[in-house]
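Here the structure comes first, spelled out in C-alpha cells, and everything after it is commentary.
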Amino acid sequence: MAEISFPLPDLGEGLLEATVLEWLVAVGDQVERNQPFVEVETTKSSVELPSPIAGIVLTLHGEPGDVVLVDTPLITFAVADDSAGIVGTVPQEAAPKRRVRLSAVLDED
Amino acid sequence: MLTSWRRHEPTVDAGLAPVLLVHGFASSTALNWEATGWVRDLSNAGRRVLTVDLLGHGESAAPLETDAYAPSRLRQAVLEVLALAGARPREAGDPASGVDLVGYSLGSRMVWELAAERPDLVNRAVLGGMSAEDPLADFDLDAADRFLADSSAIVHESTAALMTLMQLAPGANTPALLRLVAAIKQERFEPGASVPSRPLLFVTGDRDALATGTAELAALADSEVLWLPARTHMNAVSSRAFKQAAIEFLARH
C-alpha cells in the first residue's frame, strides 16, 4: 500500500483558507473516486469536495471548525501500490463541476 | 428564453414527481445546488431534478429594466420552466404527478408564494434559510450607489452586509442584483397575504442571523422547523442533515 495526501485545493478567487464544516467520511472508510469526503466553508460559500481517487482513509487533517490553509494536507489515503503510479492523471479525470481541483502530493515515504 | 434552466435525470428513477430547486439572492444553481451536493444527492435518491437560474443570476440573462425582476415575473418564469419540463398538476394516486419545490433564502420566498398560488401543482415544499421580513426590501439603494461610485461607507447595517455578500459572491452581477432589489422593494414579501396549504418543511441554521422569522412562518403554515446546529445563513445549504431531511420529507406522499 502507498499513502497519498491531498492538500486543500485552491477554491478560486484568491482564497487562502477554508474551514472544515463536516467530514463525510471516517478513518478506515473505503472512499470511491468522486465521492464527496468533506464539506468546507470559505468566506464566499460552502461546498462539498469530491475525492480525486479511490482509497482507504488514513488521516483526516483537522476537526470541524478548524481552518485549513490552501496547499496544506486535508486528507490522506492508503491506495493499492499499482494505483499510486497513475496519480499524475487523476486530476484531469476527476472532472470537477466547479474550479475545484485536487492534486496529489506523494508522501516522502 | 431569458431564464436558464436544466433537467437532471435520476440515477435510478424512483417514479416520483420532479423536484425544482430555487437558489438564493446573489447565488446560482451552480453555487447553491451543485457545488453543495444537492443535485447529486437528489439524483441518487431517484429524483428528477429541475434547476433554474433566476434572472440576473448564473447563466440567465440580466435585462436592464427593473420591472423584469419583479418577484411576480420571476415566479411566472419558474412556472414556464415547469411547463416546459413537463410538470403536470397533481392527481390522486399518481406519485409522479405535480412537483416538489426546494428553495433557499430568496428562493424560499418564491417557493412559499408558488406553493400558495398553485396548490393544484405543488405537492410538498422545503424552505431553507427563510426570512419573514425580506431583508432585501429594506436595502438602501442610494447608499449602495454611492458606495459603488466612490466607496462611501454604507451606514445601514443589513445593506452593508448584503453589499459585502454581492461583492464576495463568485460571478455575481452587482448591477443586475441591484435592479432585483429595486423590484423587490416594489413587491415586498407578505407571508400573511397567502399561506400555502401544502405540507412544508422549514430548515434554518440556528446561527442564521438573516433568516429572522422562520419560526413564525412555520407557525403560520402549521409546519415543522428543522434547526441545523451551529450553521449560519452562508453554510447551512451544504449541510448533509439539511439534504437528508429534505429528501426524506419529499419522498412522503
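Within each chain, counting starts at residue 1; across the C-alpha cells, chains are named A, B, ... in the order shown, with ligands numbered 1 upward in that order.
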
| field | Proximal residues of chain B relative to chain A (only C-alpha atoms; 12 Å) as a ChimeraX atom specification | value | /B:26-41,164-172,229-241

Create the file for the chosen residues now, containing C-alpha atoms and written as a PDB file, in the first residue's frame.
ATOM      1  CA  ALA B  26     -26.584  36.523  -5.364  1.00  0.00           C
ATOM      2  CA  SER B  27     -26.228  32.742  -5.706  1.00  0.00           C
ATOM      3  CA  SER B  28     -26.941  30.384  -8.640  1.00  0.00           C
ATOM      4  CA  THR B  29     -27.735  26.790  -9.484  1.00  0.00           C
ATOM      5  CA  ALA B  30     -24.005  26.057  -9.625  1.00  0.00           C
ATOM      6  CA  LEU B  31     -23.209  27.557  -6.218  1.00  0.00           C
ATOM      7  CA  ASN B  32     -26.386  26.822  -4.312  1.00  0.00           C
ATOM      8  CA  TRP B  33     -27.210  23.321  -5.551  1.00  0.00           C
ATOM      9  CA  GLU B  34     -24.343  21.754  -7.496  1.00  0.00           C
ATOM     10  CA  ALA B  35     -21.201  22.592  -5.517  1.00  0.00           C
ATOM     11  CA  THR B  36     -23.075  21.729  -2.330  1.00  0.00           C
ATOM     12  CA  GLY B  37     -24.080  18.237  -3.492  1.00  0.00           C
ATOM     13  CA  TRP B  38     -27.861  18.754  -3.720  1.00  0.00           C
ATOM     14  CA  VAL B  39     -28.309  17.760  -7.349  1.00  0.00           C
ATOM     15  CA  ARG B  40     -26.192  14.644  -6.897  1.00  0.00           C
ATOM     16  CA  ASP B  41     -27.905  13.525  -3.674  1.00  0.00           C
ATOM     17  CA  THR B 164     -20.477  42.537   1.014  1.00  0.00           C
ATOM     18  CA  LEU B 165     -22.288  39.342   0.057  1.00  0.00           C
ATOM     19  CA  MET B 166     -22.784  40.600  -3.510  1.00  0.00           C
ATOM     20  CA  GLN B 167     -19.156  41.611  -3.831  1.00  0.00           C
ATOM     21  CA  LEU B 168     -17.917  38.288  -2.474  1.00  0.00           C
ATOM     22  CA  ALA B 169     -20.236  36.043  -4.453  1.00  0.00           C
ATOM     23  CA  PRO B 170     -18.312  34.448  -7.332  1.00  0.00           C
ATOM     24  CA  GLY B 171     -19.632  35.704 -10.668  1.00  0.00           C
ATOM     25  CA  ALA B 172     -22.330  37.921  -9.147  1.00  0.00           C
ATOM     26  CA  PRO B 229     -26.882  23.177  14.896  1.00  0.00           C
ATOM     27  CA  ALA B 230     -24.065  25.736  14.573  1.00  0.00           C
ATOM     28  CA  ARG B 231     -24.977  26.642  10.988  1.00  0.00           C
ATOM     29  CA  THR B 232     -25.190  30.166   9.535  1.00  0.00           C
ATOM     30  CA  HIS B 233     -27.051  31.562   6.517  1.00  0.00           C
ATOM     31  CA  MET B 234     -23.944  31.059   4.388  1.00  0.00           C
ATOM     32  CA  ASN B 235     -23.037  27.500   5.336  1.00  0.00           C
ATOM     33  CA  ALA B 236     -26.355  25.763   6.106  1.00  0.00           C
ATOM     34  CA  VAL B 237     -27.089  24.945   2.487  1.00  0.00           C
ATOM     35  CA  SER B 238     -24.391  22.293   2.098  1.00  0.00           C
ATOM     36  CA  SER B 239     -25.336  20.561   5.364  1.00  0.00           C
ATOM     37  CA  ARG B 240     -25.877  16.833   4.991  1.00  0.00           C
ATOM     38  CA  ALA B 241     -28.610  16.898   7.649  1.00  0.00           C
TER      39      ALA B 241
END

| said: Can you tell me which residues surround Ala26 in chain A at a distance of at most 12 Å, considering only C-alpha atoms, apart from same-chain residues fewer than 2 positions away, and format the answer as a PyMOL selection string? | reply: chain A and resi 22-24+28-31+37-38+56-61+63+75-77

| message | So that I can see what lies close to Pro135 in chain B, please list as a ChimeraX atom specification the residues with an atom at most 12 Å from it, counting only C-alpha atoms and leaving out residues fewer than 5 positions away in the same chain. | response | /B:25,105-106,109,129-130,140,156-163,181,184-185,188-189,209-213

Output C-alpha atoms for every residue in the selection just made, as a PDB file, in the first residue's frame.
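Now in again-v3.pdb:
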ATOM      1  CA  PHE B  25     -30.032  36.025  -3.769  1.00  0.00           C
ATOM      2  CA  SER B 105     -33.344  32.300   1.173  1.00  0.00           C
ATOM      3  CA  LEU B 106     -34.903  34.451  -1.583  1.00  0.00           C
ATOM      4  CA  ARG B 109     -39.859  33.283  -0.680  1.00  0.00           C
ATOM      5  CA  GLY B 129     -32.896  29.903   5.390  1.00  0.00           C
ATOM      6  CA  MET B 130     -36.183  31.730   5.051  1.00  0.00           C
ATOM      7  CA  ASP B 140     -30.595  51.233   0.972  1.00  0.00           C
ATOM      8  CA  HIS B 156     -27.280  50.830   7.170  1.00  0.00           C
ATOM      9  CA  GLU B 157     -26.190  47.513   8.671  1.00  0.00           C
ATOM     10  CA  SER B 158     -28.105  44.953   6.594  1.00  0.00           C
ATOM     11  CA  THR B 159     -27.399  46.943   3.409  1.00  0.00           C
ATOM     12  CA  ALA B 160     -23.685  46.807   4.158  1.00  0.00           C
ATOM     13  CA  ALA B 161     -23.894  43.064   4.858  1.00  0.00           C
ATOM     14  CA  LEU B 162     -25.787  42.377   1.614  1.00  0.00           C
ATOM     15  CA  MET B 163     -23.378  44.556  -0.373  1.00  0.00           C
ATOM     16  CA  VAL B 181     -33.519  44.668  -5.070  1.00  0.00           C
ATOM     17  CA  ILE B 184     -38.407  43.554  -4.609  1.00  0.00           C
ATOM     18  CA  LYS B 185     -38.964  46.905  -2.889  1.00  0.00           C
ATOM     19  CA  ARG B 188     -42.468  43.110  -0.838  1.00  0.00           C
ATOM     20  CA  PHE B 189     -42.957  39.674   0.656  1.00  0.00           C
ATOM     21  CA  ALA B 209     -28.836  35.961  11.530  1.00  0.00           C
ATOM     22  CA  LEU B 210     -30.544  36.721   8.202  1.00  0.00           C
ATOM     23  CA  ALA B 211     -33.419  34.232   8.422  1.00  0.00           C
ATOM     24  CA  THR B 212     -35.449  36.004  11.064  1.00  0.00           C
ATOM     25  CA  GLY B 213     -38.987  34.807  11.486  1.00  0.00           C
TER      26      GLY B 213
END

| query | Which polymer residues have any atom within 10 Å of an atom of Leu16 in chain A, counting only C-alpha atoms, with same-chain residues fewer than 5 positions away left out, as an NGL selection string? | reply | :A and (8-11 or 42 or 68-71)

| Residue nearest Asn34 in chain A - candidates A:Ala54, A:Leu15, A:Ile4, A:Val20, atoms counted: only C-alpha atoms |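 Once distances to Asn34 in chain A are computed over only C-alpha atoms, the minimum belongs to A:Ala54.
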
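Nearest residue to Asp67 in chain B, choosing from B:Glu248, B:Asp134, B:Asp206, B:Glu187 and counting only C-alpha atoms: B:Glu187.
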
| said: Just want the 10 Å neighbourhood of Arg118 in chain B, counted on only C-alpha atoms, with same-chain residues fewer than 6 positions away dropped. Output as a ChimeraX atom specification. | reply: /B:79,89,196-198

Would you write out those residues with N, CA and C atoms, as a PDB file, in the first residue's frame?
ATOM      1  N   LEU B  79     -42.771  29.072 -13.394  1.00  0.00           N
ATOM      2  CA  LEU B  79     -43.918  28.271 -13.843  1.00  0.00           C
ATOM      3  C   LEU B  79     -43.773  27.882 -15.318  1.00  0.00           C
ATOM      4  N   PRO B  89     -50.284  18.890 -13.267  1.00  0.00           N
ATOM      5  CA  PRO B  89     -50.988  19.048 -11.993  1.00  0.00           C
ATOM      6  C   PRO B  89     -51.073  17.735 -11.203  1.00  0.00           C
ATOM      7  N   PRO B 196     -49.432  28.964   2.139  1.00  0.00           N
ATOM      8  CA  PRO B 196     -49.547  27.675   1.452  1.00  0.00           C
ATOM      9  C   PRO B 196     -50.331  26.663   2.296  1.00  0.00           C
ATOM     10  N   SER B 197     -51.135  25.871   1.621  1.00  0.00           N
ATOM     11  CA  SER B 197     -51.876  24.830   2.322  1.00  0.00           C
ATOM     12  C   SER B 197     -51.191  23.467   2.177  1.00  0.00           C
ATOM     13  N   ARG B 198     -50.167  23.386   1.328  1.00  0.00           N
ATOM     14  CA  ARG B 198     -49.473  22.128   1.102  1.00  0.00           C
ATOM     15  C   ARG B 198     -48.484  21.863   2.237  1.00  0.00           C
TER      16      ARG B 198
END

| said: I need the strand (DSSP E or B) residues of range 7-185 of chain B per DSSP on the backbone, written as a ChimeraX atom specification. | reply: /B:7-8,19-22,49-52,91,94,99-104,122-128

List the spatial neighbours of Ala85 in chain B as an mmCIF file with C-alpha atoms, in the first residue's frame - criterion: any atom at most 12 Å away, only C-alpha atoms, same-chain residues fewer than 2 positions off excluded.
data_model
loop_
_atom_site.group_PDB
_atom_site.id
_atom_site.type_symbol
_atom_site.label_atom_id
_atom_site.label_comp_id
_atom_site.auth_asym_id
_atom_site.auth_seq_id
_atom_site.Cartn_x
_atom_site.Cartn_y
_atom_site.Cartn_z
ATOM 1 C CA TRP B 5 -32.897 26.060 -16.618
ATOM 2 C CA ARG B 6 -31.829 22.423 -16.726
ATOM 3 C CA ARG B 7 -33.200 18.944 -16.151
ATOM 4 C CA HIS B 8 -31.022 16.421 -14.305
ATOM 5 C CA GLU B 9 -32.018 12.786 -14.750
ATOM 6 C CA ALA B 17 -42.601 13.953 -9.106
ATOM 7 C CA PRO B 18 -39.743 16.186 -10.258
ATOM 8 C CA VAL B 19 -38.007 18.381 -7.675
ATOM 9 C CA LEU B 20 -37.450 22.023 -8.620
ATOM 10 C CA ARG B 48 -35.602 14.009 -11.398
ATOM 11 C CA VAL B 49 -34.229 17.487 -10.604
ATOM 12 C CA LEU B 50 -35.053 20.771 -12.298
ATOM 13 C CA THR B 51 -32.790 23.747 -11.682
ATOM 14 C CA VAL B 52 -33.371 27.333 -12.651
ATOM 15 C CA VAL B 78 -40.419 29.442 -12.903
ATOM 16 C CA LEU B 79 -43.918 28.271 -13.843
ATOM 17 C CA GLU B 80 -42.963 28.453 -17.541
ATOM 18 C CA VAL B 81 -39.922 26.298 -16.810
ATOM 19 C CA LEU B 82 -42.143 23.768 -15.044
ATOM 20 C CA ALA B 83 -44.480 23.667 -18.042
ATOM 21 C CA ALA B 87 -44.619 19.053 -14.896
ATOM 22 C CA ARG B 88 -48.352 18.383 -14.655
ATOM 23 C CA GLY B 98 -47.234 17.532 -9.512
ATOM 24 C CA VAL B 99 -43.892 18.970 -8.457
#

| query | Which distance in Å separates CA of Ile154 in chain B and CA of Asp138 in chain B, to one decimal? | reply | 13.3 Å
